[in-house]
Structure formats: C-alpha cells, structure tokens
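Trainee: What follows is a single structure, and I will ask about it in a moment.
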Amino acid sequence: MESTYYRVMALDYGEVRIGIALSDVTRFLASGYENYTRKGLVVDCEHIADIVKNNNVKVIVLGLPLNMDGSSGDRVDKTYEFASELSKYTDAKIEYLDERLTSVSAEKILISADVSRKKRKEVLDKLSATIILQDYLDSHYGKN
C-alpha cells in the first residue's frame, strides 16, 4: 500500500538556473531546496529525478511563465519541452501553475529583508519556486 505521506516539488525553470522547492510530507509547507545551475538537459533531468526519488516526490509543479495578458510565448514552450524531457526520467505527475509575478514577489521579499543584490541573485529562483509551491499547496491541499 502506498504511503499517504509524500512530497510535492516545484520548479522555477530558467535558462541559467532552476529554482527547486519541496513540501513537507503532509504537503502543508513549502521550503526552498536548491538554486540549481543548469548543466545540460540530460544532466538537469537526472539531477531532478534523483531529488524526486530520494524525497518521495509524487507531484512536480512547474511554474508556467505566461505573459501578463495570459498568453503564452517562447518561455512557455521551453517549459513544456523541459517537462516532456523530465517525464522520461521520473514517474512523478507533472502539473503547471501560472507563475506571473512570482519573481517580482520574491524580489520584493528579499529587498524588504535587506538582502544584498548579490545574495538576491543567488537565492531568487529558489524563493520563486517556494512561492509557486506554497500557492499550489494552498490551492490543492489547503487546510481551511
């Protein structure tokens, strides 16, 4: 029988880095996991698949970088292509969440916490993934 305790992962997929966040096993709280610097599609997918396997992740949420008007563009296409490749490395279910303004929110949080510009760049993607994941957890598993 499969355990009801599993994690959800969120990815903030970018050209240079992938922000990674994981939920706790009750899927109540999102936490930043890693700000991963991309090395190549296969290596990136293998790295993420290892995290999935080692942390009992059953769902991967990819931030979908829609345009402000809700339309999709080149970045959305690249996100779908990445998800298609990632699905070859893991059985975790892949879902998408509109990530418009997530990076802006993350940047504001870091600025309000007086984090230096250099340090913000180092943690921005991980924090964005954490915001994406917490939004997903609240909407899908919310404890109202």
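Residue numbering restarts at 1 for every chain of the structure tokens, chains are lettered A, B, ... in their displayed order, and ligands are numbered from 1 as they appear.
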Write out as JSON lines the residues of region 2-33 of chain A that have any atom within 9 Å of an atom of region 56-71 of chain A, one row each with the nearest atom pair and its distance in Å to one decimal, counting only C-alpha atoms, sorted by chain and then rising number.
Mentor:
```
{"residue": "A:Tyr5", "atom": "CA", "partner": "A:Asn56", "partner_atom": "CA", "distance": 8.3}
{"residue": "A:Tyr6", "atom": "CA", "partner": "A:Asn56", "partner_atom": "CA", "distance": 5.4}
{"residue": "A:Arg7", "atom": "CA", "partner": "A:Val57", "partner_atom": "CA", "distance": 4.5}
{"residue": "A:Val8", "atom": "CA", "partner": "A:Val59", "partner_atom": "CA", "distance": 4.9}
{"residue": "A:Met9", "atom": "CA", "partner": "A:Ile60", "partner_atom": "CA", "distance": 4.7}
{"residue": "A:Ala10", "atom": "CA", "partner": "A:Val61", "partner_atom": "CA", "distance": 4.5}
{"residue": "A:Leu11", "atom": "CA", "partner": "A:Leu62", "partner_atom": "CA", "distance": 4.9}
{"residue": "A:Asp12", "atom": "CA", "partner": "A:Gly63", "partner_atom": "CA", "distance": 5.4}
{"residue": "A:Tyr13", "atom": "CA", "partner": "A:Gly63", "partner_atom": "CA", "distance": 7.0}
{"residue": "A:Leu22", "atom": "CA", "partner": "A:Val57", "partner_atom": "CA", "distance": 8.3}
{"residue": "A:Ser23", "atom": "CA", "partner": "A:Val57", "partner_atom": "CA", "distance": 8.9}
{"residue": "A:Val25", "atom": "CA", "partner": "A:Asn56", "partner_atom": "CA", "distance": 8.5}
```
Trainee: Can I get the selected residues back with C-alpha atoms, as a short mmCIF file (atom, residue, chain, number, x, y, z; two decimals), in the first residue's frame?
Mentor:
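New file selection.cif:
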```
data_model
loop_
_atom_site.label_atom_id
_atom_site.label_comp_id
_atom_site.auth_asym_id
_atom_site.auth_seq_id
_atom_site.Cartn_x
_atom_site.Cartn_y
_atom_site.Cartn_z
CA TYR A 5 2.97 10.83 3.13
CA TYR A 6 4.74 12.21 0.11
CA ARG A 7 6.20 15.48 -1.06
CA VAL A 8 5.41 17.90 -3.83
CA MET A 9 8.22 19.64 -5.69
CA ALA A 10 8.07 22.97 -7.51
CA LEU A 11 10.47 24.10 -10.21
CA ASP A 12 11.09 27.65 -11.38
CA TYR A 13 12.64 26.74 -14.73
CA LEU A 22 9.95 20.84 -1.70
CA SER A 23 6.92 20.48 0.52
CA VAL A 25 5.42 15.20 3.79
#
```
Trainee: For the structure I just gave you, how does DSSP split region 16-118 of chain A - specifically, which residues are strand (DSSP E)? Reply as a PyMOL selection string.
Mentor: chain A and resi 17-23+30-37+57-64+93-98
Trainee: Take the residues that were just selected and, keeping N, CA and C atoms, output them as a PDB file, in the first residue's frame.
Mentor:
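Final output, saved to out12.pdb:
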```
ATOM      1  N   ARG A  17      19.326  28.909 -14.461  1.00  0.00           N
ATOM      2  CA  ARG A  17      19.115  28.218 -13.193  1.00  0.00           C
ATOM      3  C   ARG A  17      17.711  27.638 -13.117  1.00  0.00           C
ATOM      4  N   ILE A  18      17.574  26.656 -12.220  1.00  0.00           N
ATOM      5  CA  ILE A  18      16.268  26.102 -11.880  1.00  0.00           C
ATOM      6  C   ILE A  18      16.126  26.224 -10.365  1.00  0.00           C
ATOM      7  N   GLY A  19      15.129  26.990  -9.945  1.00  0.00           N
ATOM      8  CA  GLY A  19      14.831  27.060  -8.524  1.00  0.00           C
ATOM      9  C   GLY A  19      14.030  25.825  -8.146  1.00  0.00           C
ATOM     10  N   ILE A  20      14.389  25.205  -7.021  1.00  0.00           N
ATOM     11  CA  ILE A  20      13.735  23.972  -6.587  1.00  0.00           C
ATOM     12  C   ILE A  20      13.220  24.151  -5.168  1.00  0.00           C
ATOM     13  N   ALA A  21      11.966  23.773  -4.953  1.00  0.00           N
ATOM     14  CA  ALA A  21      11.375  23.801  -3.614  1.00  0.00           C
ATOM     15  C   ALA A  21      10.681  22.473  -3.367  1.00  0.00           C
ATOM     16  N   LEU A  22      10.623  22.081  -2.095  1.00  0.00           N
ATOM     17  CA  LEU A  22       9.949  20.845  -1.698  1.00  0.00           C
ATOM     18  C   LEU A  22       8.960  21.138  -0.584  1.00  0.00           C
ATOM     19  N   SER A  23       7.876  20.386  -0.581  1.00  0.00           N
ATOM     20  CA  SER A  23       6.922  20.484   0.521  1.00  0.00           C
ATOM     21  C   SER A  23       7.372  19.549   1.641  1.00  0.00           C
ATOM     22  N   ALA A  30       5.825  24.774   2.120  1.00  0.00           N
ATOM     23  CA  ALA A  30       6.857  24.757   1.088  1.00  0.00           C
ATOM     24  C   ALA A  30       8.150  25.320   1.654  1.00  0.00           C
ATOM     25  N   SER A  31       9.262  24.719   1.256  1.00  0.00           N
ATOM     26  CA  SER A  31      10.580  25.204   1.660  1.00  0.00           C
ATOM     27  C   SER A  31      11.503  25.192   0.461  1.00  0.00           C
ATOM     28  N   GLY A  32      12.358  26.209   0.388  1.00  0.00           N
ATOM     29  CA  GLY A  32      13.358  26.234  -0.666  1.00  0.00           C
ATOM     30  C   GLY A  32      14.307  25.064  -0.506  1.00  0.00           C
ATOM     31  N   TYR A  33      14.659  24.444  -1.600  1.00  0.00           N
ATOM     32  CA  TYR A  33      15.557  23.289  -1.558  1.00  0.00           C
ATOM     33  C   TYR A  33      16.910  23.621  -2.179  1.00  0.00           C
ATOM     34  N   GLU A  34      16.874  24.174  -3.414  1.00  0.00           N
ATOM     35  CA  GLU A  34      18.134  24.385  -4.118  1.00  0.00           C
ATOM     36  C   GLU A  34      17.959  25.412  -5.229  1.00  0.00           C
ATOM     37  N   ASN A  35      19.008  26.158  -5.456  1.00  0.00           N
ATOM     38  CA  ASN A  35      19.131  27.035  -6.605  1.00  0.00           C
ATOM     39  C   ASN A  35      20.134  26.330  -7.523  1.00  0.00           C
ATOM     40  N   TYR A  36      19.627  25.553  -8.454  1.00  0.00           N
ATOM     41  CA  TYR A  36      20.448  24.666  -9.277  1.00  0.00           C
ATOM     42  C   TYR A  36      20.889  25.383 -10.548  1.00  0.00           C
ATOM     43  N   THR A  37      22.198  25.379 -10.795  1.00  0.00           N
ATOM     44  CA  THR A  37      22.733  25.955 -12.027  1.00  0.00           C
ATOM     45  C   THR A  37      22.716  24.878 -13.101  1.00  0.00           C
ATOM     46  N   VAL A  57       8.856  12.246  -3.839  1.00  0.00           N
ATOM     47  CA  VAL A  57       8.046  13.260  -4.520  1.00  0.00           C
ATOM     48  C   VAL A  57       7.098  12.555  -5.485  1.00  0.00           C
ATOM     49  N   LYS A  58       5.817  12.890  -5.395  1.00  0.00           N
ATOM     50  CA  LYS A  58       4.816  12.293  -6.285  1.00  0.00           C
ATOM     51  C   LYS A  58       4.277  13.279  -7.312  1.00  0.00           C
ATOM     52  N   VAL A  59       4.445  14.585  -7.036  1.00  0.00           N
ATOM     53  CA  VAL A  59       3.945  15.623  -7.939  1.00  0.00           C
ATOM     54  C   VAL A  59       5.036  16.674  -8.121  1.00  0.00           C
ATOM     55  N   ILE A  60       5.273  17.057  -9.366  1.00  0.00           N
ATOM     56  CA  ILE A  60       6.188  18.149  -9.693  1.00  0.00           C
ATOM     57  C   ILE A  60       5.346  19.271 -10.292  1.00  0.00           C
ATOM     58  N   VAL A  61       5.460  20.460  -9.717  1.00  0.00           N
ATOM     59  CA  VAL A  61       4.737  21.624 -10.212  1.00  0.00           C
ATOM     60  C   VAL A  61       5.743  22.526 -10.903  1.00  0.00           C
ATOM     61  N   LEU A  62       5.504  22.771 -12.169  1.00  0.00           N
ATOM     62  CA  LEU A  62       6.366  23.664 -12.933  1.00  0.00           C
ATOM     63  C   LEU A  62       5.681  25.013 -13.068  1.00  0.00           C
ATOM     64  N   GLY A  63       6.416  26.059 -12.711  1.00  0.00           N
ATOM     65  CA  GLY A  63       5.892  27.403 -12.917  1.00  0.00           C
ATOM     66  C   GLY A  63       5.765  27.670 -14.405  1.00  0.00           C
ATOM     67  N   LEU A  64       4.613  28.151 -14.813  1.00  0.00           N
ATOM     68  CA  LEU A  64       4.355  28.434 -16.221  1.00  0.00           C
ATOM     69  C   LEU A  64       4.467  29.944 -16.448  1.00  0.00           C
ATOM     70  N   LYS A  93       3.929  12.867 -11.250  1.00  0.00           N
ATOM     71  CA  LYS A  93       2.964  13.601 -12.062  1.00  0.00           C
ATOM     72  C   LYS A  93       3.465  15.041 -12.223  1.00  0.00           C
ATOM     73  N   ILE A  94       3.410  15.575 -13.436  1.00  0.00           N
ATOM     74  CA  ILE A  94       3.849  16.947 -13.688  1.00  0.00           C
ATOM     75  C   ILE A  94       2.627  17.827 -13.908  1.00  0.00           C
ATOM     76  N   GLU A  95       2.551  18.884 -13.130  1.00  0.00           N
ATOM     77  CA  GLU A  95       1.472  19.861 -13.240  1.00  0.00           C
ATOM     78  C   GLU A  95       2.080  21.240 -13.443  1.00  0.00           C
ATOM     79  N   TYR A  96       1.234  22.193 -13.799  1.00  0.00           N
ATOM     80  CA  TYR A  96       1.688  23.550 -14.086  1.00  0.00           C
ATOM     81  C   TYR A  96       0.903  24.553 -13.245  1.00  0.00           C
ATOM     82  N   LEU A  97       1.578  25.653 -12.915  1.00  0.00           N
ATOM     83  CA  LEU A  97       0.925  26.722 -12.172  1.00  0.00           C
ATOM     84  C   LEU A  97       1.389  28.054 -12.747  1.00  0.00           C
ATOM     85  N   ASP A  98       0.440  28.913 -13.021  1.00  0.00           N
ATOM     86  CA  ASP A  98       0.735  30.251 -13.524  1.00  0.00           C
ATOM     87  C   ASP A  98       1.701  30.936 -12.558  1.00  0.00           C
TER      88      ASP A  98
END
```
Trainee: Using only C-alpha atoms, pick whichever of A:Ser87, A:Phe82, A:Lys39, A:Ala92 has the shortest atom-to-atom distance to Asn55 (chain A).
Mentor: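 So, comparing all the options, the nearest one is A:Ala92.
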Trainee: Which one is closest to Val42 (chain A): A:Asp125, A:Asp91, A:Glu85, A:Asp138? Count only C-alpha atoms.
Mentor: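 Using only C-alpha atoms, Val42 (chain A) sits closest to A:Glu85.
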Trainee: Enter the distance from CA of Lys53 (chain A) to CA of Thr79 (chain A), in Å, rounded to one decimal.
Mentor: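 The value is 21.4 Å.
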Trainee: For Tyr141 (chain A), list every protein, DNA or RNA residue within 8 Å, evaluated using only C-alpha atoms, and leave out those in the same chain fewer than 2 positions away; present the list as an MDAnalysis selection string.
Mentor: chainID A and resid 27:28 137:139 143
Trainee: What would the file look like if the residues just selected were written as a PDB file, in the first residue's frame with C-alpha atoms?
Mentor:
```pdb
ATOM      1  CA  ARG A  27       2.003  18.924   1.896  1.00  0.00           C
ATOM      2  CA  PHE A  28       1.294  21.907   4.150  1.00  0.00           C
ATOM      3  CA  LEU A 137      -0.222  23.609  -1.785  1.00  0.00           C
ATOM      4  CA  ASP A 138      -2.696  26.210  -0.540  1.00  0.00           C
ATOM      5  CA  SER A 139      -4.980  25.723  -3.545  1.00  0.00           C
ATOM      6  CA  LYS A 143      -6.196  23.282   5.452  1.00  0.00           C
TER       7      LYS A 143
END
```
Trainee: Counting only C-alpha atoms, which of A:Val76, A:Ile132, A:Leu124, A:Leu86 gets nearest to Asp50 (chain A)?
Mentor: A:Leu86
Trainee: Of the candidates A:Ser84, A:Ser72, A:Thr4, A:Gln134, which shows the shortest atom-to-atom distance to Cys45 (chain A), using only C-alpha atoms?
Mentor: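 Of the candidates, the smallest distance to Cys45 (chain A) is held by A:Ser84.
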Trainee: Can you pull out every residue from region 5-96 of chain A that DSSP, working from the backbone, puts in helix (DSSP H, G or I), and format the result as a PyMOL selection string?
Mentor: chain A and resi 41-54+74-86
Trainee: Using the selection just defined, write its residues with N, CA, C and O atoms as an mmCIF file, in the first residue's frame.
Mentor:
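Result written to selection.cif:
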```
data_model
loop_
_atom_site.group_PDB
_atom_site.id
_atom_site.type_symbol
_atom_site.label_atom_id
_atom_site.label_comp_id
_atom_site.auth_asym_id
_atom_site.auth_seq_id
_atom_site.Cartn_x
_atom_site.Cartn_y
_atom_site.Cartn_z
ATOM 1 N N LEU A 41 20.507 19.508 -20.563
ATOM 2 C CA LEU A 41 19.177 18.930 -20.383
ATOM 3 C C LEU A 41 19.192 17.565 -19.694
ATOM 4 O O LEU A 41 18.456 17.334 -18.741
ATOM 5 N N VAL A 42 20.042 16.658 -20.150
ATOM 6 C CA VAL A 42 20.075 15.313 -19.575
ATOM 7 C C VAL A 42 20.547 15.361 -18.123
ATOM 8 O O VAL A 42 19.920 14.771 -17.236
ATOM 9 N N VAL A 43 21.629 16.078 -17.868
ATOM 10 C CA VAL A 43 22.165 16.181 -16.503
ATOM 11 C C VAL A 43 21.135 16.840 -15.587
ATOM 12 O O VAL A 43 20.924 16.408 -14.449
ATOM 13 N N ASP A 44 20.472 17.878 -16.087
ATOM 14 C CA ASP A 44 19.453 18.571 -15.293
ATOM 15 C C ASP A 44 18.312 17.620 -14.922
ATOM 16 O O ASP A 44 17.884 17.572 -13.766
ATOM 17 N N CYS A 45 17.834 16.866 -15.895
ATOM 18 C CA CYS A 45 16.730 15.919 -15.647
ATOM 19 C C CYS A 45 17.150 14.818 -14.678
ATOM 20 O O CYS A 45 16.384 14.436 -13.787
ATOM 21 N N GLU A 46 18.361 14.324 -14.831
ATOM 22 C CA GLU A 46 18.864 13.289 -13.916
ATOM 23 C C GLU A 46 18.958 13.831 -12.492
ATOM 24 O O GLU A 46 18.602 13.143 -11.531
ATOM 25 N N HIS A 47 19.439 15.061 -12.356
ATOM 26 C CA HIS A 47 19.567 15.684 -11.036
ATOM 27 C C HIS A 47 18.201 15.809 -10.357
ATOM 28 O O HIS A 47 18.036 15.437 -9.195
ATOM 29 N N ILE A 48 17.232 16.316 -11.100
ATOM 30 C CA ILE A 48 15.890 16.489 -10.541
ATOM 31 C C ILE A 48 15.255 15.132 -10.234
ATOM 32 O O ILE A 48 14.633 14.947 -9.186
ATOM 33 N N ALA A 49 15.443 14.158 -11.120
ATOM 34 C CA ALA A 49 14.898 12.813 -10.883
ATOM 35 C C ALA A 49 15.490 12.202 -9.618
ATOM 36 O O ALA A 49 14.785 11.501 -8.874
ATOM 37 N N ASP A 50 16.759 12.458 -9.341
ATOM 38 C CA ASP A 50 17.380 11.963 -8.103
ATOM 39 C C ASP A 50 16.720 12.588 -6.876
ATOM 40 O O ASP A 50 16.464 11.896 -5.886
ATOM 41 N N ILE A 51 16.451 13.882 -6.936
ATOM 42 C CA ILE A 51 15.781 14.553 -5.815
ATOM 43 C C ILE A 51 14.388 13.966 -5.622
ATOM 44 O O ILE A 51 13.961 13.696 -4.497
ATOM 45 N N VAL A 52 13.682 13.747 -6.718
ATOM 46 C CA VAL A 52 12.335 13.158 -6.670
ATOM 47 C C VAL A 52 12.386 11.801 -5.973
ATOM 48 O O VAL A 52 11.622 11.521 -5.048
ATOM 49 N N LYS A 53 13.308 10.961 -6.408
ATOM 50 C CA LYS A 53 13.432 9.603 -5.864
ATOM 51 C C LYS A 53 13.820 9.627 -4.383
ATOM 52 O O LYS A 53 13.245 8.897 -3.568
ATOM 53 N N ASN A 54 14.774 10.453 -4.031
ATOM 54 C CA ASN A 54 15.297 10.476 -2.659
ATOM 55 C C ASN A 54 14.374 11.153 -1.659
ATOM 56 O O ASN A 54 14.581 11.033 -0.451
ATOM 57 N N ASP A 74 7.544 32.036 -26.037
ATOM 58 C CA ASP A 74 8.703 31.166 -26.170
ATOM 59 C C ASP A 74 9.076 30.503 -24.847
ATOM 60 O O ASP A 74 9.407 29.319 -24.811
ATOM 61 N N ARG A 75 9.016 31.231 -23.736
ATOM 62 C CA ARG A 75 9.393 30.668 -22.432
ATOM 63 C C ARG A 75 8.428 29.559 -22.007
ATOM 64 O O ARG A 75 8.844 28.584 -21.394
ATOM 65 N N VAL A 76 7.154 29.703 -22.334
ATOM 66 C CA VAL A 76 6.179 28.652 -22.023
ATOM 67 C C VAL A 76 6.489 27.403 -22.854
ATOM 68 O O VAL A 76 6.485 26.291 -22.326
ATOM 69 N N ASP A 77 6.784 27.600 -24.128
ATOM 70 C CA ASP A 77 7.140 26.464 -24.994
ATOM 71 C C ASP A 77 8.359 25.721 -24.452
ATOM 72 O O ASP A 77 8.382 24.489 -24.407
ATOM 73 N N LYS A 78 9.376 26.464 -24.005
ATOM 74 C CA LYS A 78 10.586 25.842 -23.456
ATOM 75 C C LYS A 78 10.276 25.086 -22.161
ATOM 76 O O LYS A 78 10.851 24.040 -21.897
ATOM 77 N N THR A 79 9.356 25.616 -21.367
ATOM 78 C CA THR A 79 8.958 24.945 -20.129
ATOM 79 C C THR A 79 8.272 23.620 -20.448
ATOM 80 O O THR A 79 8.557 22.597 -19.816
ATOM 81 N N TYR A 80 7.370 23.631 -21.424
ATOM 82 C CA TYR A 80 6.703 22.387 -21.829
ATOM 83 C C TYR A 80 7.707 21.370 -22.382
ATOM 84 O O TYR A 80 7.607 20.178 -22.115
ATOM 85 N N GLU A 81 8.674 21.837 -23.161
ATOM 86 C CA GLU A 81 9.693 20.947 -23.714
ATOM 87 C C GLU A 81 10.518 20.318 -22.595
ATOM 88 O O GLU A 81 10.816 19.118 -22.620
ATOM 89 N N PHE A 82 10.883 21.131 -21.596
ATOM 90 C CA PHE A 82 11.625 20.615 -20.453
ATOM 91 C C PHE A 82 10.792 19.570 -19.705
ATOM 92 O O PHE A 82 11.300 18.508 -19.349
ATOM 93 N N ALA A 83 9.524 19.865 -19.475
ATOM 94 C CA ALA A 83 8.641 18.932 -18.772
ATOM 95 C C ALA A 83 8.527 17.619 -19.530
ATOM 96 O O ALA A 83 8.528 16.535 -18.924
ATOM 97 N N SER A 84 8.440 17.690 -20.839
ATOM 98 C CA SER A 84 8.351 16.481 -21.657
ATOM 99 C C SER A 84 9.598 15.621 -21.482
ATOM 100 O O SER A 84 9.511 14.396 -21.333
ATOM 101 N N GLU A 85 10.753 16.263 -21.477
ATOM 102 C CA GLU A 85 12.004 15.518 -21.284
ATOM 103 C C GLU A 85 12.089 14.969 -19.859
ATOM 104 O O GLU A 85 12.454 13.816 -19.652
ATOM 105 N N LEU A 86 11.726 15.782 -18.874
ATOM 106 C CA LEU A 86 11.777 15.358 -17.471
ATOM 107 C C LEU A 86 10.889 14.145 -17.223
ATOM 108 O O LEU A 86 11.247 13.249 -16.448
#
```
